[in-house]
file run-v4.pdb (PDB, C-alpha atoms and all ligand atoms)
ATOM      1  CA  MET A   1     122.323 112.854  30.272  1.00  0.00           C
ATOM      2  CA  SER A   2     118.713 111.827  29.639  1.00  0.00           C
ATOM      3  CA  GLU A   3     115.867 112.894  27.362  1.00  0.00           C
ATOM      4  CA  THR A   4     113.997 114.468  30.331  1.00  0.00           C
ATOM      5  CA  PRO A   5     115.933 117.637  31.144  1.00  0.00           C
ATOM      6  CA  SER A   6     115.988 119.431  34.489  1.00  0.00           C
ATOM      7  CA  LYS A   7     113.814 122.541  34.836  1.00  0.00           C
ATOM      8  CA  ASN A   8     115.986 124.709  37.090  1.00  0.00           C
ATOM      9  CA  TYR A   9     115.901 127.961  35.130  1.00  0.00           C
ATOM     10  CA  SER A  10     117.872 130.377  37.334  1.00  0.00           C
ATOM     11  CA  GLY A  11     120.523 132.376  35.482  1.00  0.00           C
ATOM     12  CA  ARG A  12     119.540 130.875  32.160  1.00  0.00           C
ATOM     13  CA  ILE A  13     117.675 133.766  30.497  1.00  0.00           C
ATOM     14  CA  PRO A  14     119.904 136.043  28.364  1.00  0.00           C
ATOM     15  CA  PRO A  15     119.210 139.804  28.412  1.00  0.00           C
ATOM     16  CA  GLY A  16     116.044 140.864  26.581  1.00  0.00           C
ATOM     17  CA  GLN A  17     114.614 137.324  26.434  1.00  0.00           C
ATOM     18  CA  THR A  18     111.391 135.901  27.958  1.00  0.00           C
ATOM     19  CA  PRO A  19     110.969 132.176  28.656  1.00  0.00           C
ATOM     20  CA  THR A  20     108.163 130.207  27.037  1.00  0.00           C
ATOM     21  CA  THR A  21     107.107 126.609  27.571  1.00  0.00           C
ATOM     22  CA  LYS A  22     105.661 126.472  24.059  1.00  0.00           C
ATOM     23  CA  PHE A  23     107.916 125.674  21.143  1.00  0.00           C
ATOM     24  CA  PRO A  24     106.971 128.100  18.367  1.00  0.00           C
ATOM     25  CA  VAL A  25     107.734 127.067  14.800  1.00  0.00           C
ATOM     26  CA  MET A  26     109.764 129.834  13.152  1.00  0.00           C
ATOM     27  CA  SER A  27     110.536 129.404   9.479  1.00  0.00           C
ATOM     28  CA  LEU A  28     110.442 131.407   6.303  1.00  0.00           C
ATOM     29  CA  GLY A  29     108.598 129.226   3.867  1.00  0.00           C
ATOM     30  CA  PRO A  30     106.630 125.993   3.829  1.00  0.00           C
ATOM     31  CA  HIS A  31     108.245 122.965   5.445  1.00  0.00           C
ATOM     32  CA  PRO A  32     110.099 120.933   2.848  1.00  0.00           C
ATOM     33  CA  LYS A  33     108.938 117.306   2.638  1.00  0.00           C
ATOM     34  CA  ILE A  34     112.003 115.090   2.915  1.00  0.00           C
ATOM     35  CA  ASP A  35     111.923 111.364   2.186  1.00  0.00           C
ATOM     36  CA  LEU A  36     114.333 109.527   4.527  1.00  0.00           C
ATOM     37  CA  HIS A  37     115.335 107.191   1.715  1.00  0.00           C
ATOM     38  CA  LYS A  38     116.531 110.161  -0.292  1.00  0.00           C
ATOM     39  CA  TRP A  39     117.944 112.174   2.635  1.00  0.00           C
ATOM     40  CA  GLU A  40     121.649 113.022   2.382  1.00  0.00           C
ATOM     41  CA  LEU A  41     124.141 115.142   4.272  1.00  0.00           C
ATOM     42  CA  ARG A  42     127.034 116.416   2.181  1.00  0.00           C
ATOM     43  CA  LEU A  43     130.295 117.912   3.521  1.00  0.00           C
ATOM     44  CA  PHE A  44     132.351 119.825   0.950  1.00  0.00           C
ATOM     45  CA  GLY A  45     134.740 122.763   0.470  1.00  0.00           C
ATOM     46  CA  GLN A  46     138.006 123.097   2.413  1.00  0.00           C
ATOM     47  CA  LEU A  47     138.236 119.422   3.437  1.00  0.00           C
ATOM     48  CA  LYS A  48     140.727 116.628   2.836  1.00  0.00           C
ATOM     49  CA  ARG A  49     137.963 114.012   2.684  1.00  0.00           C
ATOM     50  CA  PRO A  50     134.680 115.496   1.458  1.00  0.00           C
ATOM     51  CA  PHE A  51     131.849 112.957   1.759  1.00  0.00           C
ATOM     52  CA  THR A  52     128.100 112.434   1.607  1.00  0.00           C
ATOM     53  CA  LEU A  53     126.159 110.349   4.129  1.00  0.00           C
ATOM     54  CA  ASN A  54     122.798 108.704   3.668  1.00  0.00           C
ATOM     55  CA  TRP A  55     120.317 108.239   6.537  1.00  0.00           C
ATOM     56  CA  GLU A  56     121.552 104.762   7.565  1.00  0.00           C
ATOM     57  CA  GLN A  57     125.146 105.975   7.677  1.00  0.00           C
ATOM     58  CA  PHE A  58     124.199 109.070   9.681  1.00  0.00           C
ATOM     59  CA  ILE A  59     122.171 107.093  12.231  1.00  0.00           C
ATOM     60  CA  GLY A  60     125.029 104.575  12.511  1.00  0.00           C
ATOM     61  CA  LEU A  61     127.455 107.245  13.787  1.00  0.00           C
ATOM     62  CA  PRO A  62     128.031 107.708  17.556  1.00  0.00           C
ATOM     63  CA  GLN A  63     124.985 109.434  19.072  1.00  0.00           C
ATOM     64  CA  VAL A  64     124.950 112.080  21.805  1.00  0.00           C
ATOM     65  CA  ILE A  65     122.236 113.689  23.918  1.00  0.00           C
ATOM     66  CA  VAL A  66     122.626 117.414  24.605  1.00  0.00           C
ATOM     67  CA  GLU A  67     120.456 119.362  27.038  1.00  0.00           C
ATOM     68  CA  ALA A  68     120.292 122.970  25.907  1.00  0.00           C
ATOM     69  CA  ASP A  69     118.325 126.199  26.062  1.00  0.00           C
ATOM     70  CA  PHE A  70     117.086 127.794  22.820  1.00  0.00           C
ATOM     71  CA  HIS A  71     116.978 131.570  22.322  1.00  0.00           C
ATOM     72  CA  CYS A  72     115.185 133.147  19.350  1.00  0.00           C
ATOM     73  CA  VAL A  73     116.173 136.697  18.410  1.00  0.00           C
ATOM     74  CA  THR A  74     112.452 137.614  18.517  1.00  0.00           C
ATOM     75  CA  GLN A  75     112.919 137.371  22.300  1.00  0.00           C
ATOM     76  CA  TRP A  76     111.500 133.991  23.355  1.00  0.00           C
ATOM     77  CA  SER A  77     113.626 131.348  25.025  1.00  0.00           C
ATOM     78  CA  ARG A  78     112.671 127.693  25.369  1.00  0.00           C
ATOM     79  CA  LEU A  79     114.690 126.204  28.200  1.00  0.00           C
ATOM     80  CA  GLY A  80     115.716 122.608  28.782  1.00  0.00           C
ATOM     81  CA  ASN A  81     115.482 120.976  25.374  1.00  0.00           C
ATOM     82  CA  ALA A  82     116.871 117.451  25.041  1.00  0.00           C
ATOM     83  CA  TRP A  83     118.347 117.008  21.591  1.00  0.00           C
ATOM     84  CA  SER A  84     119.832 113.784  20.292  1.00  0.00           C
ATOM     85  CA  GLY A  85     121.909 113.217  17.211  1.00  0.00           C
ATOM     86  CA  VAL A  86     125.475 113.362  15.935  1.00  0.00           C
ATOM     87  CA  SER A  87     128.063 115.854  17.225  1.00  0.00           C
ATOM     88  CA  ALA A  88     129.255 118.317  14.612  1.00  0.00           C
ATOM     89  CA  SER A  89     132.815 117.503  15.718  1.00  0.00           C
ATOM     90  CA  THR A  90     132.287 113.827  14.831  1.00  0.00           C
ATOM     91  CA  LEU A  91     131.381 114.751  11.253  1.00  0.00           C
ATOM     92  CA  ILE A  92     134.167 117.316  10.945  1.00  0.00           C
ATOM     93  CA  GLY A  93     136.682 114.779  12.280  1.00  0.00           C
ATOM     94  CA  MET A  94     135.649 112.338   9.542  1.00  0.00           C
ATOM     95  CA  ALA A  95     136.056 115.009   6.861  1.00  0.00           C
ATOM     96  CA  GLU A  96     139.542 116.160   7.937  1.00  0.00           C
ATOM     97  CA  LEU A  97     139.811 119.919   7.618  1.00  0.00           C
ATOM     98  CA  ASN A  98     142.196 121.678   5.301  1.00  0.00           C
ATOM     99  CA  ARG A  99     144.371 124.194   7.134  1.00  0.00           C
ATOM    100  CA  LYS A 100     142.556 126.989   5.275  1.00  0.00           C
ATOM    101  CA  ALA A 101     139.114 126.105   6.693  1.00  0.00           C
ATOM    102  CA  ARG A 102     137.847 128.856   9.026  1.00  0.00           C
ATOM    103  CA  TYR A 103     134.081 129.205   8.452  1.00  0.00           C
ATOM    104  CA  VAL A 104     131.126 127.027   7.561  1.00  0.00           C
ATOM    105  CA  MET A 105     128.082 127.750   5.417  1.00  0.00           C
ATOM    106  CA  VAL A 106     125.148 125.506   6.300  1.00  0.00           C
ATOM    107  CA  HIS A 107     122.801 124.791   3.374  1.00  0.00           C
ATOM    108  CA  CYS A 108     119.189 123.720   3.921  1.00  0.00           C
ATOM    109  CA  HIS A 109     116.355 122.291   1.863  1.00  0.00           C
ATOM    110  CA  GLY A 110     114.232 125.259   0.805  1.00  0.00           C
ATOM    111  CA  GLY A 111     117.247 127.530   0.263  1.00  0.00           C
ATOM    112  CA  TYR A 112     117.898 128.830   3.809  1.00  0.00           C
ATOM    113  CA  THR A 113     121.573 129.306   4.688  1.00  0.00           C
ATOM    114  CA  VAL A 114     123.509 130.225   7.804  1.00  0.00           C
ATOM    115  CA  ASN A 115     127.185 131.002   8.339  1.00  0.00           C
ATOM    116  CA  LEU A 116     129.193 130.082  11.430  1.00  0.00           C
ATOM    117  CA  GLU A 117     132.777 130.264  12.600  1.00  0.00           C
ATOM    118  CA  LEU A 118     134.327 126.811  12.528  1.00  0.00           C
ATOM    119  CA  ASP A 119     135.235 127.073  16.237  1.00  0.00           C
ATOM    120  CA  VAL A 120     131.549 127.571  17.074  1.00  0.00           C
ATOM    121  CA  LEU A 121     130.591 124.400  15.246  1.00  0.00           C
ATOM    122  CA  LEU A 122     133.349 122.459  17.022  1.00  0.00           C
ATOM    123  CA  ALA A 123     131.970 123.245  20.495  1.00  0.00           C
ATOM    124  CA  ARG A 124     130.980 120.161  22.485  1.00  0.00           C
ATOM    125  CA  ASN A 125     127.241 120.969  22.614  1.00  0.00           C
ATOM    126  CA  VAL A 126     126.725 121.511  18.858  1.00  0.00           C
ATOM    127  CA  LEU A 127     124.971 118.664  17.099  1.00  0.00           C
ATOM    128  CA  PHE A 128     122.923 117.567  14.114  1.00  0.00           C
ATOM    129  CA  ALA A 129     119.761 116.519  15.903  1.00  0.00           C
ATOM    130  CA  HIS A 130     117.100 114.056  14.775  1.00  0.00           C
ATOM    131  CA  ARG A 131     115.269 113.774  18.122  1.00  0.00           C
ATOM    132  CA  HIS A 132     113.833 116.397  20.496  1.00  0.00           C
ATOM    133  CA  ASP A 133     112.496 115.735  24.029  1.00  0.00           C
ATOM    134  CA  GLY A 134     112.268 111.992  23.499  1.00  0.00           C
ATOM    135  CA  ALA A 135     110.572 111.918  20.093  1.00  0.00           C
ATOM    136  CA  PRO A 136     111.684 112.075  16.452  1.00  0.00           C
ATOM    137  CA  LEU A 137     112.199 115.689  15.402  1.00  0.00           C
ATOM    138  CA  GLU A 138     108.966 117.033  13.924  1.00  0.00           C
ATOM    139  CA  PRO A 139     109.067 118.287  10.322  1.00  0.00           C
ATOM    140  CA  GLY A 140     108.138 121.807  11.474  1.00  0.00           C
ATOM    141  CA  HIS A 141     111.129 121.891  13.816  1.00  0.00           C
ATOM    142  CA  GLY A 142     113.525 120.791  11.084  1.00  0.00           C
ATOM    143  CA  GLY A 143     113.055 117.024  10.835  1.00  0.00           C
ATOM    144  CA  PRO A 144     114.590 114.778   9.785  1.00  0.00           C
ATOM    145  CA  VAL A 145     117.779 116.621  10.817  1.00  0.00           C
ATOM    146  CA  ARG A 146     118.561 120.113  12.053  1.00  0.00           C
ATOM    147  CA  LEU A 147     121.631 121.836  13.389  1.00  0.00           C
ATOM    148  CA  VAL A 148     121.510 122.905  17.064  1.00  0.00           C
ATOM    149  CA  VAL A 149     123.894 125.675  18.210  1.00  0.00           C
ATOM    150  CA  PRO A 150     122.789 126.422  21.790  1.00  0.00           C
ATOM    151  CA  HIS A 151     125.192 129.336  22.403  1.00  0.00           C
ATOM    152  CA  ARG A 152     123.917 131.308  19.383  1.00  0.00           C
ATOM    153  CA  TYR A 153     120.501 132.830  18.580  1.00  0.00           C
ATOM    154  CA  GLY A 154     118.024 130.397  17.079  1.00  0.00           C
ATOM    155  CA  TRP A 155     118.431 131.553  13.485  1.00  0.00           C
ATOM    156  CA  LYS A 156     121.849 129.828  13.514  1.00  0.00           C
ATOM    157  CA  SER A 157     120.181 126.466  14.330  1.00  0.00           C
ATOM    158  CA  ALA A 158     119.420 125.611  10.717  1.00  0.00           C
ATOM    159  CA  LYS A 159     116.491 123.256  10.035  1.00  0.00           C
ATOM    160  CA  TRP A 160     116.308 120.643   7.232  1.00  0.00           C
ATOM    161  CA  VAL A 161     120.088 120.622   6.816  1.00  0.00           C
ATOM    162  CA  LYS A 162     121.447 119.116   3.614  1.00  0.00           C
ATOM    163  CA  ALA A 163     125.066 120.297   3.292  1.00  0.00           C
ATOM    164  CA  LEU A 164     127.987 121.902   5.094  1.00  0.00           C
ATOM    165  CA  GLU A 165     130.399 123.983   3.032  1.00  0.00           C
ATOM    166  CA  PHE A 166     133.774 124.657   4.643  1.00  0.00           C
ATOM    167  CA  LEU A 167     135.161 128.092   3.751  1.00  0.00           C
ATOM    168  CA  GLU A 168     138.421 129.989   3.960  1.00  0.00           C
ATOM    169  CA  ILE A 169     136.672 133.365   3.653  1.00  0.00           C
ATOM    170  CA  ASN A 170     133.441 134.098   5.514  1.00  0.00           C
ATOM    171  CA  ARG A 171     130.210 134.675   3.586  1.00  0.00           C
ATOM    172  CA  ASP A 172     126.857 135.848   4.908  1.00  0.00           C
ATOM    173  CA  GLY A 173     123.963 133.440   5.281  1.00  0.00           C
ATOM    174  CA  PHE A 174     120.309 134.406   4.734  1.00  0.00           C
ATOM    175  CA  TRP A 175     119.635 136.553   7.830  1.00  0.00           C
ATOM    176  CA  GLU A 176     123.214 137.767   8.097  1.00  0.00           C
ATOM    177  CA  SER A 177     122.938 139.283   4.608  1.00  0.00           C
ATOM    178  CA  LEU A 178     119.802 141.124   5.797  1.00  0.00           C
ATOM    179  CA  GLY A 179     121.608 142.845   8.649  1.00  0.00           C
ATOM    180  CA  TYR A 180     121.635 140.274  11.434  1.00  0.00           C
ATOM    181  CA  HIS A 181     124.837 139.743  13.364  1.00  0.00           C
ATOM    182  CA  ALA A 182     127.586 137.497  11.963  1.00  0.00           C
ATOM    183  CA  ARG A 183     128.047 135.805  15.377  1.00  0.00           C
ATOM    184  CA  GLY A 184     124.676 136.129  17.182  1.00  0.00           C
ATOM    185  CA  ASP A 185     125.705 135.442  20.790  1.00  0.00           C
ATOM    186  CA  PRO A 186     122.510 135.879  22.893  1.00  0.00           C
ATOM    187  CA  TRP A 187     124.475 136.608  26.096  1.00  0.00           C
ATOM    188  CA  LYS A 188     126.056 139.629  24.350  1.00  0.00           C
ATOM    189  CA  GLU A 189     122.770 140.533  22.604  1.00  0.00           C
ATOM    190  CA  GLU A 190     124.447 140.286  19.204  1.00  0.00           C
ATOM    191  CA  ARG A 191     121.165 140.701  17.342  1.00  0.00           C
ATOM    192  CA  PHE A 192     122.074 143.093  14.525  1.00  0.00           C
ATOM    193  CA  ALA A 193     125.320 143.769  12.684  1.00  0.00           C
ATOM    194  CA  ASP A 194     125.099 147.512  13.440  1.00  0.00           C
ATOM    195  CA  GLY A 195     125.146 146.826  17.200  1.00  0.00           C
ATOM    196  CA  ASN A 196     121.547 147.995  17.693  1.00  0.00           C
ATOM    197  CA  SER A 197     119.979 145.395  19.991  1.00  0.00           C
ATOM    198  CA  THR A 198     116.360 146.575  19.662  1.00  0.00           C
ATOM    199  CA  THR A 199     114.134 143.940  18.082  1.00  0.00           C
ATOM    200  CA  ASP A 200     111.641 145.187  15.517  1.00  0.00           C
ATOM    201  CA  ASP A 201     108.220 143.733  16.384  1.00  0.00           C
ATOM    202  CA  SER A 202     107.468 143.205  12.693  1.00  0.00           C
ATOM    203  CA  THR A 203     110.242 140.640  12.217  1.00  0.00           C
ATOM    204  CA  GLU A 204     108.992 137.098  12.053  1.00  0.00           C
ATOM    205  CA  HIS A 205     111.982 134.874  12.642  1.00  0.00           C
TER     206      HIS A 205
HETATM  207  N1  LIG A 301     115.923 126.047   7.168  1.00  0.00           N
HETATM  208  C1  LIG A 301     115.550 126.957   8.074  1.00  0.00           C
HETATM  209  N2  LIG A 301     116.106 126.885   9.305  1.00  0.00           N
HETATM  210  C2  LIG A 301     115.753 127.779  10.254  1.00  0.00           C
HETATM  211  C3  LIG A 301     114.818 128.814   9.982  1.00  0.00           C
HETATM  212  C4  LIG A 301     114.270 128.864   8.688  1.00  0.00           C
HETATM  213  O1  LIG A 301     113.445 129.747   8.356  1.00  0.00           O
HETATM  214  N3  LIG A 301     114.641 127.917   7.766  1.00  0.00           N
HETATM  215  N4  LIG A 301     114.491 129.717  10.974  1.00  0.00           N
HETATM  216  C5  LIG A 301     115.483 129.902  12.040  1.00  0.00           C
HETATM  217  C6  LIG A 301     114.983 130.657  13.174  1.00  0.00           C
HETATM  218  S1  LIG A 301     114.888 132.327  12.982  1.00  0.00           S
HETATM  219  C7  LIG A 301     114.743 130.092  14.400  1.00  0.00           C
HETATM  220  S2  LIG A 301     114.360 130.996  15.758  1.00  0.00           S
HETATM  221  C8  LIG A 301     114.753 128.621  14.558  1.00  0.00           C
HETATM  222  C9  LIG A 301     113.393 128.208  15.058  1.00  0.00           C
HETATM  223  O2  LIG A 301     113.358 126.836  15.251  1.00  0.00           O
HETATM  224  P1  LIG A 301     111.933 126.194  15.569  1.00  0.00           P
HETATM  225  O3  LIG A 301     111.022 126.495  14.403  1.00  0.00           O
HETATM  226  O4  LIG A 301     112.195 124.748  15.762  1.00  0.00           O
HETATM  227  O5  LIG A 301     111.437 126.874  16.817  1.00  0.00           O
HETATM  228  O6  LIG A 301     115.036 127.936  13.353  1.00  0.00           O
HETATM  229  C10 LIG A 301     116.013 128.565  12.549  1.00  0.00           C
HETATM  230  N5  LIG A 301     116.322 127.669  11.471  1.00  0.00           N
HETATM  231 MO    MO A 302     114.538 133.147  15.249  1.00  0.00          MO
END
call {"tool": "encode", "arguments": {"input": "run-v4.pdb", "output": "structure tokens", "more": "lines below"}}
Ligand SMILES: Nc1nc2c(c(=O)[nH]1)N[C@H]1C(S)=C(S)[C@@H](COP(=O)(O)O)O[C@H]1N2
Ligand SMILES: [Mo]
result
Amino acid sequence: MSETPSKNYSGRIPPGQTPTTKFPVMSLGPHPKIDLHKWELRLFGQLKRPFTLNWEQFIGLPQVIVEADFHCVTQWSRLGNAWSGVSASTLIGMAELNRKARYVMVHCHGGYTVNLELDVLLARNVLFAHRHDGAPLEPGHGGPVRLVVPHRYGWKSAKWVKALEFLEINRDGFWESLGYHARGDPWKEERFADGNSTTDDSTEH
């Protein structure tokens, strides 16, 4: 895999989505300023070996490149992104799950949270990315490090990640607590928890 993805788009647009070549920045508040020397990623909760990594340790882990399409629930899709970083499964392997672990809450600088099923995070194409399309990840797009979950709507791809909390019992993240779907599979149009797939034009995420 390379950092220049293919642009064959057939069959890659989920229902209700429109492709864009731009890469809109979608976030709630101002972009947090994160000093790489102070950056940390903490794994805690239902784990046998909870740990915290600094930037050098994170960059020293095996790196992968994932080519993936990105689908925002506000109906734009950006196809063929090349992300590079560390597979979620690499980090989870290091932490050694407790048998009770079933869900993960992702915590971000600025207070944003997102919940995911553990199985979703363990998929091969899920990574903590620090590069996008051949360049360091821009602060607006979640730099230094963001989660990328290609098979879920974009709100699950948390930017400015700082911690992963492994849970036995599921909890809602930010958008999930406001009525968005717990899973958010774009191919099933899992936009809202009540099953209504109509997107309100006034939403901004
Ligand atoms: N920390 C944080 N992560 C976030 C968001 C946010 O507001 N804060 N917005 C989410 C939403 S709704 C989308 S669509 C994507 C957008 O990523 P982009 O700004 O790189 O396009 O980031 C997701 N991750
Ligand atoms: Mo979004």
call {"tool": "residues_around", "arguments": {"input": "run-v4.pdb", "residues": "Lys33 of chain A", "least_positions_apart": "3", "cutoff": "10 Å", "atoms": "all atoms listed in the file", "output": "MDAnalysis selection string"}}
result
chainID A and resid 30 36 109:110 139:140 143:144 160
call {"tool": "closest_residue", "arguments": {"input": "run-v4.pdb", "among": "A:Arg49, A:Trp155, A:Glu176, A:Leu137", "to": "Thr74 of chain A", "atoms": "all atoms listed in the file"}}
result
A:Trp155
call {"tool": "residues_around", "arguments": {"input": "run-v4.pdb", "residues": "Asp194 of chain A", "least_positions_apart": "6", "cutoff": "9 Å", "atoms": "all atoms listed in the file", "output": "list in words"}}
result
Gly179, Tyr180 and His181 of chain A
call {"tool": "atom_distance", "arguments": {"input": "run-v4.pdb", "atom1": "atom CA of Lys48 of chain A", "atom2": "atom CA of Glu168 of chain A"}}
result
13.6 Å
call {"tool": "closest_atom_pairs", "arguments": {"input": "run-v4.pdb", "of": "chain A", "to": "ligand MO 302 (chain A)", "cutoff": "9 Å", "atoms": "all atoms listed in the file", "output": "tab-separated table"}}
result
residue	atom	partner	partner_atom	distance
A:Met26	CA	A:MO302	MO	6.2
A:Ser27	CA	A:MO302	MO	8.0
A:His71	CA	A:MO302	MO	7.6
A:Cys72	CA	A:MO302	MO	4.2
A:Val73	CA	A:MO302	MO	5.0
A:Thr74	CA	A:MO302	MO	5.9
A:Gln75	CA	A:MO302	MO	8.4
A:Trp76	CA	A:MO302	MO	8.7
A:Tyr153	CA	A:MO302	MO	6.8
A:Gly154	CA	A:MO302	MO	4.8
A:Trp155	CA	A:MO302	MO	4.6
A:Lys156	CA	A:MO302	MO	8.2
A:Ser157	CA	A:MO302	MO	8.8
A:Glu204	CA	A:MO302	MO	7.5
A:His205	CA	A:MO302	MO	4.0
call {"tool": "resolve_selection", "arguments": {"input": "run-v4.pdb", "expression": "the PyMOL selection byres (((chain A and resi 189) around 10) and not hetatm)", "output": "PyMOL selection string"}}
result
chain A and resi 14-17+73+152-153+181+184-188+190-192+195-198
call {"tool": "write_last_selection", "arguments": {"input": "run-v4.pdb", "atoms": "C-alpha atoms", "output": "compact mmCIF listing (two decimals), in the coordinates of the input"}}
result
# COMPACT_ATOMS: atom_id res chain seq x y z
CA PRO A 14 119.90 136.04 28.36
CA PRO A 15 119.21 139.80 28.41
CA GLY A 16 116.04 140.86 26.58
CA GLN A 17 114.61 137.32 26.43
CA VAL A 73 116.17 136.70 18.41
CA ARG A 152 123.92 131.31 19.38
CA TYR A 153 120.50 132.83 18.58
CA HIS A 181 124.84 139.74 13.36
CA GLY A 184 124.68 136.13 17.18
CA ASP A 185 125.70 135.44 20.79
CA PRO A 186 122.51 135.88 22.89
CA TRP A 187 124.48 136.61 26.10
CA LYS A 188 126.06 139.63 24.35
CA GLU A 190 124.45 140.29 19.20
CA ARG A 191 121.16 140.70 17.34
CA PHE A 192 122.07 143.09 14.52
CA GLY A 195 125.15 146.83 17.20
CA ASN A 196 121.55 148.00 17.69
CA SER A 197 119.98 145.40 19.99
CA THR A 198 116.36 146.57 19.66
call {"tool": "resolve_selection", "arguments": {"input": "run-v4.pdb", "expression": "the PyMOL selection byres (((chain A and resi 9) around 10) and not hetatm)", "output": "short mmCIF file (atom, residue, chain, number, x, y, z; two decimals) with C-alpha atoms, keeping the file's coordinate frame"}}
result
data_model
loop_
_atom_site.label_atom_id
_atom_site.label_comp_id
_atom_site.auth_asym_id
_atom_site.auth_seq_id
_atom_site.Cartn_x
_atom_site.Cartn_y
_atom_site.Cartn_z
CA SER A 6 115.99 119.43 34.49
CA LYS A 7 113.81 122.54 34.84
CA ASN A 8 115.99 124.71 37.09
CA SER A 10 117.87 130.38 37.33
CA GLY A 11 120.52 132.38 35.48
CA ARG A 12 119.54 130.88 32.16
CA ILE A 13 117.68 133.77 30.50
CA PRO A 19 110.97 132.18 28.66
CA ASP A 69 118.32 126.20 26.06
CA LEU A 79 114.69 126.20 28.20
CA GLY A 80 115.72 122.61 28.78
#
call {"tool": "closest_residue", "arguments": {"input": "run-v4.pdb", "among": "A:Val145, A:Met94, A:Leu164, A:Leu122", "to": "Ile34 of chain A", "atoms": "all atoms listed in the file"}}
result
A:Val145
call {"tool": "residues_around", "arguments": {"input": "run-v4.pdb", "residues": "Asp172 of chain A", "least_positions_apart": "4", "cutoff": "8 Å", "atoms": "all atoms listed in the file", "output": "ChimeraX atom specification"}}
result
/A:114-115,176-177,182
call {"tool": "write_last_selection", "arguments": {"input": "run-v4.pdb", "atoms": "C-alpha atoms", "output": "PDB file, in the frame of the given file"}}
result
ATOM      1  CA  VAL A 114     123.509 130.225   7.804  1.00  0.00           C
ATOM      2  CA  ASN A 115     127.185 131.002   8.339  1.00  0.00           C
ATOM      3  CA  GLU A 176     123.214 137.767   8.097  1.00  0.00           C
ATOM      4  CA  SER A 177     122.938 139.283   4.608  1.00  0.00           C
ATOM      5  CA  ALA A 182     127.586 137.497  11.963  1.00  0.00           C
TER       6      ALA A 182
END
call {"tool": "closest_residue", "arguments": {"input": "run-v4.pdb", "among": "A:His151, A:Val161, A:Val25, A:Thr18", "to": "ligand LIG 301 (chain A)", "atoms": "only C-alpha atoms and all ligand atoms"}}
result
A:Val25
call {"tool": "closest_residue", "arguments": {"input": "run-v4.pdb", "among": "A:Thr113, A:Ser84, A:Thr90, A:Gln46", "to": "ligand LIG 301 (chain A)", "atoms": "all atoms listed in the file"}}
result
A:Thr113
call {"tool": "closest_residue", "arguments": {"input": "run-v4.pdb", "among": "A:Arg183, A:Arg146, A:His141, A:His130", "to": "ligand LIG 301 (chain A)", "atoms": "all atoms listed in the file"}}
result
A:His141
call {"tool": "atom_distance", "arguments": {"input": "run-v4.pdb", "atom1": "atom CA of Val86 of chain A", "atom2": "atom CA of Leu41 of chain A"}}
result
11.9 Å
call {"tool": "closest_residue", "arguments": {"input": "run-v4.pdb", "among": "A:Gln63, A:Thr20, A:Asn170, A:Ser89", "to": "Leu121 of chain A", "atoms": "only C-alpha atoms"}}
result
A:Ser89
call {"tool": "atom_distance", "arguments": {"input": "run-v4.pdb", "atom1": "atom CA of Val149 of chain A", "atom2": "atom CA of Lys100 of chain A"}}
result
22.7 Å
call {"tool": "resolve_selection", "arguments": {"input": "run-v4.pdb", "expression": "the PyMOL selection byres (((chain A and resi 51) around 12) and not hetatm)", "output": "PDB file with C-alpha atoms, in the coordinates of the input"}}
result
ATOM      1  CA  GLU A  40     121.649 113.022   2.382  1.00  0.00           C
ATOM      2  CA  LEU A  41     124.141 115.142   4.272  1.00  0.00           C
ATOM      3  CA  ARG A  42     127.034 116.416   2.181  1.00  0.00           C
ATOM      4  CA  LEU A  43     130.295 117.912   3.521  1.00  0.00           C
ATOM      5  CA  PHE A  44     132.351 119.825   0.950  1.00  0.00           C
ATOM      6  CA  GLY A  45     134.740 122.763   0.470  1.00  0.00           C
ATOM      7  CA  GLN A  46     138.006 123.097   2.413  1.00  0.00           C
ATOM      8  CA  LEU A  47     138.236 119.422   3.437  1.00  0.00           C
ATOM      9  CA  LYS A  48     140.727 116.628   2.836  1.00  0.00           C
ATOM     10  CA  ARG A  49     137.963 114.012   2.684  1.00  0.00           C
ATOM     11  CA  PRO A  50     134.680 115.496   1.458  1.00  0.00           C
ATOM     12  CA  THR A  52     128.100 112.434   1.607  1.00  0.00           C
ATOM     13  CA  LEU A  53     126.159 110.349   4.129  1.00  0.00           C
ATOM     14  CA  ASN A  54     122.798 108.704   3.668  1.00  0.00           C
ATOM     15  CA  GLN A  57     125.146 105.975   7.677  1.00  0.00           C
ATOM     16  CA  PHE A  58     124.199 109.070   9.681  1.00  0.00           C
ATOM     17  CA  LEU A  91     131.381 114.751  11.253  1.00  0.00           C
ATOM     18  CA  ILE A  92     134.167 117.316  10.945  1.00  0.00           C
ATOM     19  CA  GLY A  93     136.682 114.779  12.280  1.00  0.00           C
ATOM     20  CA  MET A  94     135.649 112.338   9.542  1.00  0.00           C
ATOM     21  CA  ALA A  95     136.056 115.009   6.861  1.00  0.00           C
ATOM     22  CA  GLU A  96     139.542 116.160   7.937  1.00  0.00           C
ATOM     23  CA  ALA A 163     125.066 120.297   3.292  1.00  0.00           C
ATOM     24  CA  LEU A 164     127.987 121.902   5.094  1.00  0.00           C
ATOM     25  CA  GLU A 165     130.399 123.983   3.032  1.00  0.00           C
TER      26      GLU A 165
END
call {"tool": "axis_aligned_box", "arguments": {"input": "run-v4.pdb", "around": "segment 173-188 of chain A", "padding_each_side": "5 Å", "output": "AutoDock Vina command-line options"}}
result
--center_x 123.8 --center_y 138.1 --center_z 15.4 --size_x 18.4 --size_y 19.4 --size_z 31.5
